[in-house]
Amino acid sequence: MENRQLEELGQQLRVDAVRAADAAQSGHPTSSMSAADLGAVLLAHHLRYDFDRPDHPGNDRLILSKGHASPLLYALYRAAGVIDDDELLTFRQDGSPLEGHPTPRLPWVDVATGSLGQGLPIGVGMALAGQRLDRLPYRVWVLCGDSEMAEGSIWEAAEHAAYERLDRLTLIVDVNRLGQRGPTREGWDLDAYARRLGAFGWHTIEIDGHDVAAIDAAYQEATAAQDRPTAVIARTHKGRGVAEVDDQEGFHGRPLPHPERAIEELGGVRSIRVDVARPPDPVLTTTAHAAGEIAAPRYRVGGETATRDAFGAALAALGSVRGDVVAVDGEVGDSTRTAAFAKAHPDRYFECYIAEQQLVAAAVGMRARGYLPFAATFAAFLTRAHDFIRMAAVSEAGIQLCGSHAGVAIGQDGPSQMGLEDIAMMRTVHGSTVLYPCDANQTARLVQHMAQLPGIGYLRTSRGAMPVLYGPDEDFPVGGCRVLRSSAADRVTVIGAGVTVHEALKAADLLAAESIGIRVIDLYSVKPVDAETLQEAADATDCLVTVEDHRPEGGIGDAVAEAFADGRPQPRLVRLAVRTMPASATPGQQLHHAGIDAESIAAAVRLLVGEVVVA
């Protein structure tokens with residue numbers, strides 16, 4: 001296209017953004033209008049994408065990090081001819097795939113955006129996949145707003161992209177000066193952004209974001225850059241082209257007050273179509289799934305092994321038969337035991353260092369490119385990345401997470417390192433699966449099951465060695481549990497997971513000496529929970545005691561209680577959990593101080609059997 005045609009395309013995108021927001025009576029047209037020229041030049045001259053084959057391995061990736069500017073994205077789709085005018089005007093309506101913020105309900109959207117600061121970190125994951133896994137020359141284009149440049153996750157991504165020399169990654173910063181409630185921190189000081197990104201090692205280009213020739217030249221320069229990512233920093237006007245809203249405060253997140261007049265001022269409705277360049281069919285170099293059974297590690301019953309050790313060995317074994325499995329870690333691979341995967345499959349191991357948001361975002365980006373990532377760090381530190389996990393569920397990105405060093409049982413390191421809220425966090429994620437094994441063989445089998453999960457999976461592992469209870473050939477289906485002790489004389493059911501399973505078994509031995517029988521359940525699947533087995537236990541004993549190395553809110557106790565929430569008869573339920581603030585102590589002392597060790601369990605059961613109310 002000639003420059004004049006590019007300018008006309010930019011105006012069309014503005015008009016369509018105005019029309020879509022007016023039809024919806026909501027949305028962000030002014031944020032779309034500022035980036036319209038940036039989008040027009042990209043679509044017409046630089047994006048390589050086969051809209052008929054969104055899964056084409058050579059397609060460039062376009063991430064609209066400023067997801068509230070979705071009218072611009074949908075206007076681009078109309079210009080590309082993949083949606084028509086009628087569909088454009090269903091924006092934000094019930095049942096329309098043109099949602100207020102983009103989601104993969106549209107086949108050309110890889111990941112959901114709208115929680116600001118996530119587009120660039122996910123783009124880093126995609127670019128890593130292209131560089132190290134696919135080994136294909138597709139480019140990753142990320143369009144973000146200037147407001148989200150205040151997000152710490154942007155700078156985690158900026159540092160990592162430069163470190164990895166991701167020269168096929170281009171960040172386009174729409175510097176329109178105005179945020180939601182007024183001016184941004186830096187306003188139109190393009191050099192402020194350039195200095196910071198340059199300090200991280202980026203190639204930076206400062207331009208007028210409404211000069212289509214300058215935009216075109218900048219994208220060409222970005223494409224030619226080698227050994228480092230490029231940021232195109234563009235000065236733009238929010239509401240560009242309509243005098244009433246152009247660079248004016250007070251119009252964020254609302255349709256234009258006079259849309260018909262604005263459309264006329266922009267030159268009217270247009271129907272320019274862009275024949276988007278398609279990528280060539282590549283010669284794929286990725287590893288296909290290997291055939292054969294997984295040679296999972298096997299552990300001797302009666303021995304002792306930490307579940308984190310079994311996780312690392314099982315993940316390495318899984319990687320030997322599945323070439324799509326990758327591991328991502330946050331510089332704690334020696335502790336999470338992903339180091340075993342790194343040793344076995346160094347080409348599919350990714351070190352994200354101490355940057356948990358980037359850790360999860362990289363996994364999401366790789367999942368969008370067809371890989372199966374297992375991302376690991378301490379359970380406590382995953383809480384930093386909760387918003388990325390939440391948005392991964394919106395993206396339908398089935399990433400698998402492992403949180404090690406769970407609970408007070410880690411011992412002397414103290415509360416800063418203890419995952420005590422992670423089960424609650426992960427149970428609330430839409431479509432998630434939460435697994436908490438108590439021995440090595442169980443862990444190894446659950447890792448295999450995680451590779452088949454449709455959504456986000458979470459495996460909680462422990463630091464210390466624990467007795468191996470189960471044989472290596474036993475299976476542990478998701479949604480199940482195991483009854484480890486049971487008799488007709490049971491008076492109470494004790495339900496644990498992970499370390500508390502072993503404490504419950506010790507308590508059963510203590511109580512058996514006093515002729516008090518208890519049923520012991522290993523609730524290794526915390527979500528989904530085995531409601532039928534729990535109901536059978538409640539029918540038999542009429543009293544359940546949950547014991548968890550976790551805070552009482554949102555953990556195993558709540559998972560069990562919810563199993564009786566749909567009209568099932570309510571048993572008596574007592575919850576033992578970590579209710580104090582731990583300090584440094586040995587693992588055994590920690591469990592005792594928290595009231596979740598064998599002695600505490602036995603004491604609670606004695607009180608219940610004696611009909612004494614437990615507070």
# chains A, B, ... in the order shown; residues from 1 in each chain; ligands from 1
call {"tool": "closest_atom_pairs", "arguments": {"of": "segment 236-305 of chain A", "to": "segment 467-475 of chain A", "cutoff": "6 Å", "atoms": "only C-alpha atoms", "output": "JSON lines"}}
result
{"residue": "A:Arg298", "atom": "CA", "partner": "A:Pro472", "partner_atom": "CA", "distance": 5.3}
{"residue": "A:Val301", "atom": "CA", "partner": "A:Val468", "partner_atom": "CA", "distance": 4.9}
{"residue": "A:Gly302", "atom": "CA", "partner": "A:Val468", "partner_atom": "CA", "distance": 5.3}
{"residue": "A:Gly303", "atom": "CA", "partner": "A:Val468", "partner_atom": "CA", "distance": 5.5}
{"residue": "A:Glu304", "atom": "CA", "partner": "A:Pro467", "partner_atom": "CA", "distance": 4.3}
call {"tool": "write_last_selection", "arguments": {"atoms": "C-alpha atoms", "output": "mmCIF file, in the first residue's frame"}}
result
data_model
loop_
_atom_site.group_PDB
_atom_site.id
_atom_site.type_symbol
_atom_site.label_atom_id
_atom_site.label_comp_id
_atom_site.auth_asym_id
_atom_site.auth_seq_id
_atom_site.Cartn_x
_atom_site.Cartn_y
_atom_site.Cartn_z
ATOM 1 C CA ARG A 298 10.007 -46.728 40.913
ATOM 2 C CA VAL A 301 7.680 -49.495 49.679
ATOM 3 C CA GLY A 302 9.051 -48.800 53.140
ATOM 4 C CA GLY A 303 11.847 -46.595 51.891
ATOM 5 C CA GLU A 304 11.848 -42.805 52.234
#
call {"tool": "select_by_dssp", "arguments": {"residues": "segment 333-448 of chain A", "states": "helix (DSSP H, G or I)", "output": "NGL selection string"}}
result
:A and (333-336 or 339-344 or 346-348 or 356-368 or 379-394 or 408-410 or 415-417 or 422-427 or 440-448)
call {"tool": "closest_residue", "arguments": {"among": "A:Arg4, A:His101, A:His252, A:Arg572", "to": "Met391 of chain A", "atoms": "only C-alpha atoms"}}
result
A:His101
call {"tool": "residues_around", "arguments": {"residues": "Arg568 of chain A", "least_positions_apart": "2", "cutoff": "12 Å", "atoms": "only C-alpha atoms", "output": "count of residues only"}}
result
16
call {"tool": "closest_residue", "arguments": {"among": "A:Glu2, A:Asp334, A:Glu356, A:Asp174", "to": "Pro121 of chain A", "atoms": "only C-alpha atoms"}}
result
A:Glu356
